[in-house]
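Shown here: model-v6.cif, mmCIF, C-alpha atoms and all ligand atoms.
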data_start
#
loop_
_atom_site.group_PDB
_atom_site.id
_atom_site.type_symbol
_atom_site.label_atom_id
_atom_site.label_comp_id
_atom_site.auth_asym_id
_atom_site.auth_seq_id
_atom_site.Cartn_x
_atom_site.Cartn_y
_atom_site.Cartn_z
ATOM 1 C CA MET Q 1 247.624 130.596 184.654
ATOM 2 C CA VAL Q 2 251.305 129.746 184.925
ATOM 3 C CA VAL Q 3 253.560 132.020 182.866
ATOM 4 C CA ALA Q 4 256.666 129.965 182.211
ATOM 5 C CA ASN Q 5 259.602 129.536 179.846
ATOM 6 C CA GLN Q 6 262.974 128.657 181.310
ATOM 7 C CA LYS Q 7 264.611 131.064 178.890
ATOM 8 C CA GLY Q 8 265.245 134.490 180.392
ATOM 9 C CA GLY Q 9 264.221 137.692 178.657
ATOM 10 C CA VAL Q 10 261.390 136.295 176.548
ATOM 11 C CA GLY Q 11 258.706 138.489 178.105
ATOM 12 C CA LYS Q 12 257.323 136.364 180.952
ATOM 13 C CA THR Q 13 257.226 139.157 183.490
ATOM 14 C CA THR Q 14 256.146 141.793 180.988
ATOM 15 C CA SER Q 15 253.324 139.564 179.801
ATOM 16 C CA THR Q 16 252.273 138.611 183.335
ATOM 17 C CA VAL Q 17 251.915 142.170 184.572
ATOM 18 C CA ASN Q 18 250.339 143.574 181.419
ATOM 19 C CA VAL Q 19 247.888 140.722 180.871
ATOM 20 C CA ALA Q 20 246.975 140.963 184.559
ATOM 21 C CA ALA Q 21 246.453 144.720 184.296
ATOM 22 C CA ALA Q 22 244.430 144.277 181.125
ATOM 23 C CA LEU Q 23 242.201 141.591 182.659
ATOM 24 C CA ALA Q 24 241.655 143.838 185.676
ATOM 25 C CA GLN Q 25 240.754 146.707 183.349
ATOM 26 C CA HIS Q 26 238.227 144.386 181.709
ATOM 27 C CA GLY Q 27 236.617 144.258 185.168
ATOM 28 C CA LEU Q 28 237.984 140.948 186.412
ATOM 29 C CA ARG Q 29 239.555 140.291 189.804
ATOM 30 C CA VAL Q 30 243.142 139.238 189.258
ATOM 31 C CA LEU Q 31 245.938 137.948 191.467
ATOM 32 C CA VAL Q 32 249.581 138.019 190.368
ATOM 33 C CA ILE Q 33 251.957 135.729 192.227
ATOM 34 C CA ASP Q 34 255.571 136.770 191.738
ATOM 35 C CA LEU Q 35 257.598 133.572 191.867
ATOM 36 C CA ASP Q 36 260.890 135.008 190.611
ATOM 37 C CA PRO Q 37 263.440 135.953 193.324
ATOM 38 C CA GLN Q 38 264.362 138.969 191.205
ATOM 39 C CA GLY Q 39 260.935 140.392 191.987
ATOM 40 C CA ASN Q 40 260.558 142.086 188.591
ATOM 41 C CA ALA Q 41 256.780 141.653 188.526
ATOM 42 C CA SER Q 42 256.542 143.206 192.006
ATOM 43 C CA THR Q 43 258.676 146.144 190.850
ATOM 44 C CA ALA Q 44 256.662 146.651 187.679
ATOM 45 C CA LEU Q 45 253.441 146.707 189.681
ATOM 46 C CA ALA Q 46 254.880 149.127 192.280
ATOM 47 C CA ILE Q 47 254.483 146.603 195.079
ATOM 48 C CA GLU Q 48 256.649 146.809 198.213
ATOM 49 C CA HIS Q 49 259.102 143.914 198.161
ATOM 50 C CA HIS Q 50 262.191 144.823 200.131
ATOM 51 C CA ARG Q 51 263.647 142.077 202.319
ATOM 52 C CA GLY Q 52 261.337 141.418 205.244
ATOM 53 C CA THR Q 53 258.114 142.252 203.389
ATOM 54 C CA PRO Q 54 255.610 139.400 203.804
ATOM 55 C CA SER Q 55 255.975 137.560 200.524
ATOM 56 C CA VAL Q 56 255.503 134.398 198.557
ATOM 57 C CA TYR Q 57 258.544 133.025 200.386
ATOM 58 C CA ASP Q 58 256.584 133.010 203.660
ATOM 59 C CA ALA Q 59 253.680 131.229 201.987
ATOM 60 C CA LEU Q 60 255.876 128.592 200.359
ATOM 61 C CA VAL Q 61 258.430 127.894 203.050
ATOM 62 C CA GLU Q 62 256.715 128.950 206.274
ATOM 63 C CA GLY Q 63 253.153 128.024 205.346
ATOM 64 C CA VAL Q 64 251.816 131.562 205.995
ATOM 65 C CA PRO Q 65 248.319 131.979 204.473
ATOM 66 C CA LEU Q 66 248.357 133.770 201.108
ATOM 67 C CA LYS Q 67 245.832 136.307 202.344
ATOM 68 C CA ASP Q 68 248.469 137.513 204.823
ATOM 69 C CA VAL Q 69 251.041 138.247 202.123
ATOM 70 C CA VAL Q 70 248.856 139.698 199.374
ATOM 71 C CA GLN Q 71 248.921 143.434 198.556
ATOM 72 C CA PRO Q 72 246.473 145.451 196.461
ATOM 73 C CA SER Q 73 247.902 147.259 193.433
ATOM 74 C CA PRO Q 74 248.188 150.982 194.183
ATOM 75 C CA GLU Q 75 247.410 151.740 190.523
ATOM 76 C CA ILE Q 76 244.840 149.323 189.240
ATOM 77 C CA GLU Q 77 241.558 148.368 190.826
ATOM 78 C CA GLY Q 78 240.865 144.647 191.033
ATOM 79 C CA LEU Q 79 244.546 143.717 190.816
ATOM 80 C CA PHE Q 80 246.334 142.071 193.741
ATOM 81 C CA VAL Q 81 249.909 140.898 194.099
ATOM 82 C CA VAL Q 82 251.810 138.371 196.183
ATOM 83 C CA PRO Q 83 255.304 139.879 195.998
ATOM 84 C CA ALA Q 84 258.664 138.129 195.786
ATOM 85 C CA THR Q 85 261.585 139.306 197.912
ATOM 86 C CA ILE Q 86 265.213 138.306 197.621
ATOM 87 C CA ASP Q 87 264.524 135.679 200.340
ATOM 88 C CA LEU Q 88 263.014 133.601 197.584
ATOM 89 C CA ALA Q 89 266.493 133.035 196.124
ATOM 90 C CA GLY Q 90 267.142 130.589 198.974
ATOM 91 C CA ALA Q 91 263.798 128.855 198.630
ATOM 92 C CA GLU Q 92 264.916 126.744 195.693
ATOM 93 C CA ILE Q 93 267.321 125.005 198.110
ATOM 94 C CA GLU Q 94 265.236 125.256 201.281
ATOM 95 C CA LEU Q 95 262.278 123.614 199.572
ATOM 96 C CA VAL Q 96 264.318 120.483 198.821
ATOM 97 C CA SER Q 97 264.140 119.300 202.413
ATOM 98 C CA LEU Q 98 260.467 120.148 202.987
ATOM 99 C CA VAL Q 99 257.573 117.701 202.918
ATOM 100 C CA ALA Q 100 255.607 117.740 199.647
ATOM 101 C CA ARG Q 101 258.125 120.199 198.302
ATOM 102 C CA GLU Q 102 256.534 120.493 194.863
ATOM 103 C CA ASN Q 103 253.078 120.924 196.369
ATOM 104 C CA ARG Q 104 253.647 123.966 198.548
ATOM 105 C CA LEU Q 105 252.148 126.596 196.255
ATOM 106 C CA ARG Q 106 249.139 124.444 195.454
ATOM 107 C CA ARG Q 107 248.532 123.989 199.152
ATOM 108 C CA ALA Q 108 248.881 127.708 199.725
ATOM 109 C CA LEU Q 109 246.315 128.358 196.981
ATOM 110 C CA VAL Q 110 243.699 125.765 197.870
ATOM 111 C CA GLY Q 111 244.533 125.313 201.536
ATOM 112 C CA HIS Q 112 242.915 128.529 202.609
ATOM 113 C CA PRO Q 113 239.428 128.370 201.197
ATOM 114 C CA GLN Q 114 238.318 131.432 203.124
ATOM 115 C CA VAL Q 115 240.426 133.523 200.759
ATOM 116 C CA TRP Q 116 239.045 131.982 197.642
ATOM 117 C CA SER Q 117 235.495 130.901 198.276
ATOM 118 C CA GLU Q 118 233.760 133.998 199.592
ATOM 119 C CA GLU Q 119 231.945 135.652 196.757
ATOM 120 C CA ASP Q 120 233.582 139.060 197.242
ATOM 121 C CA ASP Q 121 237.070 137.663 197.593
ATOM 122 C CA ARG Q 122 237.141 135.362 194.653
ATOM 123 C CA PHE Q 123 239.733 135.829 191.943
ATOM 124 C CA ASP Q 124 238.807 135.316 188.309
ATOM 125 C CA TYR Q 125 242.435 134.820 187.348
ATOM 126 C CA VAL Q 126 245.621 133.906 189.156
ATOM 127 C CA LEU Q 127 248.767 134.572 187.119
ATOM 128 C CA ILE Q 128 252.054 133.118 188.326
ATOM 129 C CA ASP Q 129 255.266 134.709 187.010
ATOM 130 C CA CYS Q 130 257.981 132.021 186.979
ATOM 131 C CA PRO Q 131 261.745 132.414 187.227
ATOM 132 C CA PRO Q 132 263.901 131.544 184.178
ATOM 133 C CA SER Q 133 264.638 127.969 185.249
ATOM 134 C CA LEU Q 134 262.912 124.637 185.621
ATOM 135 C CA GLY Q 135 263.709 124.281 189.310
ATOM 136 C CA LEU Q 136 261.430 123.712 192.287
ATOM 137 C CA LEU Q 137 259.835 127.147 192.099
ATOM 138 C CA THR Q 138 258.629 126.629 188.535
ATOM 139 C CA LEU Q 139 257.657 123.074 189.433
ATOM 140 C CA ASN Q 140 255.497 124.427 192.276
ATOM 141 C CA ALA Q 141 253.760 126.708 189.792
ATOM 142 C CA LEU Q 142 253.137 123.864 187.341
ATOM 143 C CA VAL Q 143 251.661 121.718 190.102
ATOM 144 C CA ALA Q 144 249.448 124.578 191.325
ATOM 145 C CA GLY Q 145 248.186 125.743 187.936
ATOM 146 C CA GLU Q 146 245.514 124.663 185.506
ATOM 147 C CA GLU Q 147 246.666 126.466 182.407
ATOM 148 C CA MET Q 148 250.012 127.573 181.101
ATOM 149 C CA LEU Q 149 250.899 130.679 179.159
ATOM 150 C CA ILE Q 150 254.230 130.334 177.347
ATOM 151 C CA PRO Q 151 255.610 133.607 175.994
ATOM 152 C CA ILE Q 152 257.833 133.063 172.972
ATOM 153 C CA GLN Q 153 260.088 135.810 171.747
ATOM 154 C CA ALA Q 154 259.788 136.226 167.992
ATOM 155 C CA GLU Q 155 263.535 135.917 167.535
ATOM 156 C CA TYR Q 156 266.026 133.417 166.234
ATOM 157 C CA TYR Q 157 266.359 130.398 168.590
ATOM 158 C CA ALA Q 158 262.792 131.041 169.768
ATOM 159 C CA LEU Q 159 261.932 127.360 169.885
ATOM 160 C CA GLU Q 160 265.200 126.273 171.426
ATOM 161 C CA GLY Q 161 264.689 124.882 174.900
ATOM 162 C CA LEU Q 162 260.928 124.584 174.435
ATOM 163 C CA GLY Q 163 261.260 120.811 174.076
ATOM 164 C CA GLN Q 164 262.699 120.613 177.556
ATOM 165 C CA LEU Q 165 259.911 122.786 178.928
ATOM 166 C CA LEU Q 166 257.239 120.641 177.269
ATOM 167 C CA GLU Q 167 258.889 117.440 178.585
ATOM 168 C CA THR Q 168 258.727 118.897 182.073
ATOM 169 C CA VAL Q 169 255.046 119.702 181.525
ATOM 170 C CA GLU Q 170 254.409 116.100 180.422
ATOM 171 C CA MET Q 171 256.192 114.805 183.508
ATOM 172 C CA VAL Q 172 254.100 117.056 185.743
ATOM 173 C CA LYS Q 173 250.905 115.941 183.996
ATOM 174 C CA ALA Q 174 251.810 112.263 184.352
ATOM 175 C CA HIS Q 175 252.774 112.378 188.013
ATOM 176 C CA LEU Q 176 251.729 115.527 189.786
ATOM 177 C CA ASN Q 177 248.990 117.537 188.068
ATOM 178 C CA PRO Q 178 246.986 115.743 185.374
ATOM 179 C CA GLY Q 179 244.789 118.820 184.864
ATOM 180 C CA LEU Q 180 247.608 121.014 183.559
ATOM 181 C CA SER Q 181 247.359 122.213 179.979
ATOM 182 C CA VAL Q 182 249.483 124.418 177.757
ATOM 183 C CA SER Q 183 246.520 126.499 176.734
ATOM 184 C CA THR Q 184 248.172 129.635 175.483
ATOM 185 C CA ILE Q 185 251.246 130.647 173.518
ATOM 186 C CA LEU Q 186 251.923 134.357 173.179
ATOM 187 C CA LEU Q 187 254.362 135.762 170.642
ATOM 188 C CA THR Q 188 256.295 138.665 172.155
ATOM 189 C CA MET Q 189 258.642 141.364 170.881
ATOM 190 C CA TYR Q 190 257.249 140.857 167.420
ATOM 191 C CA ASP Q 191 258.790 143.160 164.827
ATOM 192 C CA ALA Q 192 256.464 143.442 161.858
ATOM 193 C CA ARG Q 193 259.225 144.969 159.751
ATOM 194 C CA THR Q 194 261.475 141.935 159.840
ATOM 195 C CA ARG Q 195 261.151 138.703 157.930
ATOM 196 C CA LEU Q 196 262.734 136.966 160.885
ATOM 197 C CA SER Q 197 259.782 137.778 163.174
ATOM 198 C CA ALA Q 198 257.286 136.717 160.525
ATOM 199 C CA GLY Q 199 259.202 133.486 159.956
ATOM 200 C CA VAL Q 200 259.387 132.642 163.644
ATOM 201 C CA ALA Q 201 255.702 133.458 164.090
ATOM 202 C CA GLU Q 202 254.809 131.149 161.233
ATOM 203 C CA GLU Q 203 256.969 128.370 162.627
ATOM 204 C CA VAL Q 204 255.396 128.731 166.072
ATOM 205 C CA ARG Q 205 251.857 128.774 164.625
ATOM 206 C CA THR Q 206 252.577 125.702 162.511
ATOM 207 C CA HIS Q 207 254.015 123.891 165.507
ATOM 208 C CA PHE Q 208 251.366 124.813 168.098
ATOM 209 C CA GLY Q 209 248.298 125.689 166.046
ATOM 210 C CA PRO Q 210 245.331 127.188 167.887
ATOM 211 C CA GLN Q 211 247.189 127.454 171.184
ATOM 212 C CA VAL Q 212 248.948 130.507 169.739
ATOM 213 C CA LEU Q 213 246.957 133.680 170.397
ATOM 214 C CA PRO Q 214 246.031 135.545 167.199
ATOM 215 C CA THR Q 215 247.472 138.737 168.667
ATOM 216 C CA ALA Q 216 251.252 139.062 168.840
ATOM 217 C CA ILE Q 217 252.846 141.641 171.143
ATOM 218 C CA PRO Q 218 254.931 144.136 169.155
ATOM 219 C CA ARG Q 219 258.403 145.198 170.171
ATOM 220 C CA SER Q 220 257.807 148.581 171.785
ATOM 221 C CA VAL Q 221 259.914 151.008 173.755
ATOM 222 C CA ARG Q 222 256.842 152.079 175.752
ATOM 223 C CA ILE Q 223 256.452 148.508 177.026
ATOM 224 C CA SER Q 224 260.075 148.342 178.178
ATOM 225 C CA GLU Q 225 260.007 151.837 179.740
ATOM 226 C CA ALA Q 226 256.877 151.342 181.819
ATOM 227 C CA PRO Q 227 258.459 149.283 184.658
ATOM 228 C CA SER Q 228 260.956 152.020 185.490
ATOM 229 C CA TYR Q 229 257.934 154.170 186.368
ATOM 230 C CA GLY Q 230 256.426 151.394 188.477
ATOM 231 C CA GLN Q 231 253.687 151.060 185.894
ATOM 232 C CA THR Q 232 252.373 148.642 183.344
ATOM 233 C CA VAL Q 233 252.095 149.948 179.806
ATOM 234 C CA MET Q 234 248.332 149.735 180.327
ATOM 235 C CA THR Q 235 248.493 152.816 182.573
ATOM 236 C CA TYR Q 236 251.780 154.315 181.362
ATOM 237 C CA ASP Q 237 250.611 154.737 177.761
ATOM 238 C CA PRO Q 238 247.133 153.230 177.344
ATOM 239 C CA GLY Q 239 246.783 154.206 173.683
ATOM 240 C CA SER Q 240 250.130 152.792 172.556
ATOM 241 C CA PRO Q 241 250.265 149.768 170.252
ATOM 242 C CA GLY Q 242 251.867 147.713 173.049
ATOM 243 C CA ALA Q 243 249.039 148.471 175.491
ATOM 244 C CA LEU Q 244 246.365 147.841 172.881
ATOM 245 C CA SER Q 245 247.920 144.495 171.937
ATOM 246 C CA TYR Q 246 248.066 143.338 175.567
ATOM 247 C CA LEU Q 247 244.445 144.443 175.988
ATOM 248 C CA GLU Q 248 243.492 142.417 172.924
ATOM 249 C CA ALA Q 249 245.561 139.387 173.985
ATOM 250 C CA ALA Q 250 243.886 139.454 177.408
ATOM 251 C CA ARG Q 251 240.475 139.655 175.727
ATOM 252 C CA GLU Q 252 241.314 136.642 173.580
ATOM 253 C CA MET Q 253 242.399 134.728 176.664
ATOM 254 C CA ALA Q 254 239.271 135.626 178.601
ATOM 255 C CA LEU Q 255 237.013 134.658 175.681
ATOM 256 C CA ARG Q 256 238.724 131.288 175.359
ATOM 257 C CA ALA Q 257 238.208 130.637 179.054
ATOM 258 C CA VAL Q 258 234.499 131.337 178.644
ATOM 259 C CA VAL Q 259 234.260 128.987 175.664
ATOM 260 C CA ALA Q 260 236.271 126.300 177.470
ATOM 261 C CA ASP Q 261 234.088 126.554 180.589
ATOM 262 C CA GLY Q 262 230.869 126.687 178.656
ATOM 263 C CA HIS Q 263 229.621 129.359 181.023
ATOM 264 C CA GLU Q 264 230.817 132.677 182.266
ATOM 265 C CA ASP Q 265 231.086 132.303 185.988
ATOM 266 C CA SER Q 266 233.410 129.454 186.809
ATOM 267 C CA ASN Q 267 233.481 128.611 190.507
ATOM 268 C CA ALA Q 268 237.167 127.915 190.726
ATOM 269 C CA PRO Q 269 239.776 130.564 190.085
ATOM 270 C CA THR Q 270 241.753 129.884 186.913
ATOM 271 C CA ALA Q 271 245.316 129.524 188.130
HETATM 272 P P1 LIG Q 301 261.441 137.452 181.339
HETATM 273 O O1 LIG Q 301 260.532 137.692 182.495
HETATM 274 O O2 LIG Q 301 261.014 136.321 180.473
HETATM 275 O O3 LIG Q 301 262.875 137.314 181.760
HETATM 276 P P2 LIG Q 301 260.925 140.217 180.673
HETATM 277 O O4 LIG Q 301 259.456 140.335 180.640
HETATM 278 O O5 LIG Q 301 261.610 140.714 181.911
HETATM 279 O O6 LIG Q 301 261.380 138.727 180.361
HETATM 280 O O7 LIG Q 301 261.505 140.966 179.378
HETATM 281 C C1 LIG Q 301 262.894 141.025 179.129
HETATM 282 C C2 LIG Q 301 263.273 142.438 178.666
HETATM 283 O O8 LIG Q 301 262.625 142.710 177.437
HETATM 284 C C3 LIG Q 301 262.830 143.514 179.628
HETATM 285 O O9 LIG Q 301 263.812 144.515 179.646
HETATM 286 C C4 LIG Q 301 261.529 144.033 179.021
HETATM 287 O O10 LIG Q 301 261.304 145.383 179.345
HETATM 288 C C5 LIG Q 301 261.801 143.859 177.543
HETATM 289 N N1 LIG Q 301 260.554 143.609 176.797
HETATM 290 C C6 LIG Q 301 259.614 142.675 177.036
HETATM 291 N N2 LIG Q 301 258.621 142.727 176.137
HETATM 292 C C7 LIG Q 301 258.948 143.740 175.294
HETATM 293 C C8 LIG Q 301 258.328 144.300 174.129
HETATM 294 N N3 LIG Q 301 257.163 143.827 173.641
HETATM 295 N N4 LIG Q 301 258.950 145.335 173.503
HETATM 296 C C9 LIG Q 301 260.134 145.815 173.978
HETATM 297 N N5 LIG Q 301 260.754 145.334 175.056
HETATM 298 C C10 LIG Q 301 260.191 144.311 175.708
HETATM 299 MG MG MG Q 302 260.932 137.672 184.539
#
Show me, as C-alpha cells, the structure contained in the file I just sent.
Ligand code: ADP
Ligand code: MG
Amino acid sequence: MVVANQKGGVGKTTSTVNVAAALAQHGLRVLVIDLDPQGNASTALAIEHHRGTPSVYDALVEGVPLKDVVQPSPEIEGLFVVPATIDLAGAEIELVSLVARENRLRRALVGHPQVWSEEDDRFDYVLIDCPPSLGLLTLNALVAGEEMLIPIQAEYYALEGLGQLLETVEMVKAHLNPGLSVSTILLTMYDARTRLSAGVAEEVRTHFGPQVLPTAIPRSVRISEAPSYGQTVMTYDPGSPGALSYLEAAREMALRAVVADGHEDSNAPTA
C-alpha cells in the first residue's frame, strides 16, 4: 500500500503510522517503509534513524537486503519499520545513474523471498510513506506497490495537484506496473463543524466514488501531539476520536482487501 500525494502536510505520514498501528492492533503483521528523507514516520514510531543507521537508503542504493535494515516497533507488537535517515535526501539524485533506477524498491521487496515467504515472517501489509514530491523515490514506491492510499486534506485546494498525481499513476500503470490501483482515498483533518470540510468531502466522494473510505479522519490535537511522544495516537490516546477513526479506517481497508481477494489469507503481502 503506497501512501502518496505530492502535496506536503496532507496527512500521509500521520495516516501511514496510524493505519499501520491500527492494522497491527487488529492482529496483522505490518511493515512500514519510510521513504521520506525527513524520516517523520520513523520518528513517530520511535525508530532509531540517525545518520548511519541501516535504512531504506542502503536497500535502495546499496542493494542491502530489507531484512537487514528492518526494526521492530518498540511499542506495538506485529509492527516493523524500515527507517529513513537523512542519507535518503541524496538518493533522489544517486538513483538517477543506477541500473533499473525505478525498480530498486520492488527488487528489494521481492528479491529476498526468504524474508517474505516463510510463514512466520510474512507481512499482511506493507505501507510505504512517500515524500511530498513525484520524484524517483515516489516512483519507486509506485512501481513496488499494488494499491495506493491517497490522503486528501479536507481543505480548500484539496483536489489541486491530484490530476498530476493521477497522470503519474497512469504512466506507471502503462509502462512500469500494470497491477497498480488507486484503491483507497482517505479524507484527513476533517472538521465536522465547517461547511468547507463537508463541501470538500462531498466533492471528493462525487469525484472518486467508492474508493473514498466511509470514515473520515477528524482534525484532532491528540493526533498531532502523538509524534512528539514517539507514539501513534493509537497508543497515545486510544479512546480519542482520532484513534477510533484510524481504527475504523484500517478495519474498512482490511475488509475491502478480504472482499477483493475473495479469501482471507492472501499469499502475497499487500504492498
Ligand atoms: P504529510 O506526511 O502529508 O506531509 P503529515 O502526516 O506530516 O503530512 O501531517 C502534516 C501535519 O498535520 C503534521 O503536523 C500532523 O501532525 C498534522 N496532522 C495530520 N493529521 C492531522 C489530524 N487529523 N488532526 C490534526 N493534525 C493533523
Ligand atoms: Mg510526511
Item to check | Hits from the PyMOL selection byres (((not hetatm)) within 8 of (chain Q and resi 302)), listed as a list in words | outcome: Gly8, Gly9, Gly11, Lys12, Thr13, Thr14, Asp36, Gln38, Gly39, Asn40, Ala41, Asp129, Cys130, Pro131 and Pro132 of chain Q
Requested write-out: C-alpha atoms of the selected residues, as a PDB file, in the frame of the given file:
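Final output, saved to result31.pdb:
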ATOM      1  CA  GLY Q   8     265.245 134.490 180.392  1.00  0.00           C
ATOM      2  CA  GLY Q   9     264.221 137.692 178.657  1.00  0.00           C
ATOM      3  CA  GLY Q  11     258.706 138.489 178.105  1.00  0.00           C
ATOM      4  CA  LYS Q  12     257.323 136.364 180.952  1.00  0.00           C
ATOM      5  CA  THR Q  13     257.226 139.157 183.490  1.00  0.00           C
ATOM      6  CA  THR Q  14     256.146 141.793 180.988  1.00  0.00           C
ATOM      7  CA  ASP Q  36     260.890 135.008 190.611  1.00  0.00           C
ATOM      8  CA  GLN Q  38     264.362 138.969 191.205  1.00  0.00           C
ATOM      9  CA  GLY Q  39     260.935 140.392 191.987  1.00  0.00           C
ATOM     10  CA  ASN Q  40     260.558 142.086 188.591  1.00  0.00           C
ATOM     11  CA  ALA Q  41     256.780 141.653 188.526  1.00  0.00           C
ATOM     12  CA  ASP Q 129     255.266 134.709 187.010  1.00  0.00           C
ATOM     13  CA  CYS Q 130     257.981 132.021 186.979  1.00  0.00           C
ATOM     14  CA  PRO Q 131     261.745 132.414 187.227  1.00  0.00           C
ATOM     15  CA  PRO Q 132     263.901 131.544 184.178  1.00  0.00           C
TER      16      PRO Q 132
END
Checklist entry - At most 12 Å from (260.0, 150.3, 176.6), file frame, only C-alpha atoms: which residues, as a list in words? => result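 Residues satisfying the cut-off, written out: Gly11, Thr14, Met189, Pro218, Arg219, Ser220, Val221, Arg222, Ile223, Ser224, Glu225, Ala226, Pro227, Ser228, Tyr229, Gln231, Thr232, Val233, Tyr236, Asp237, Ser240, Pro241, Gly242 and Ala243 of chain Q.
Atom pair CA of Ser133 (chain Q) / CA of Gln6 (chain Q): separated by 4.3 Å.
When CA of Asp68 (chain Q) is paired with CA of Leu134 (chain Q), their separation reads 27.3 Å.
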Checklist entry - Can you tell me, as a list of chain:residue names, what residues are no more than 6 Å from region 87-93 of chain Q when counting only C-alpha atoms, ignoring any on the same chain fewer than 4 positions away? => result Q:Pro37, Q:Tyr57, Q:Leu136
Checklist entry - Residues around (244.4, 130.4, 173.8), cut-off 7 Å, counting only C-alpha atoms - what are they as JSON, numbers by chain? => result {"Q": [183, 184, 185, 210, 211, 212, 213, 252, 253, 256]}
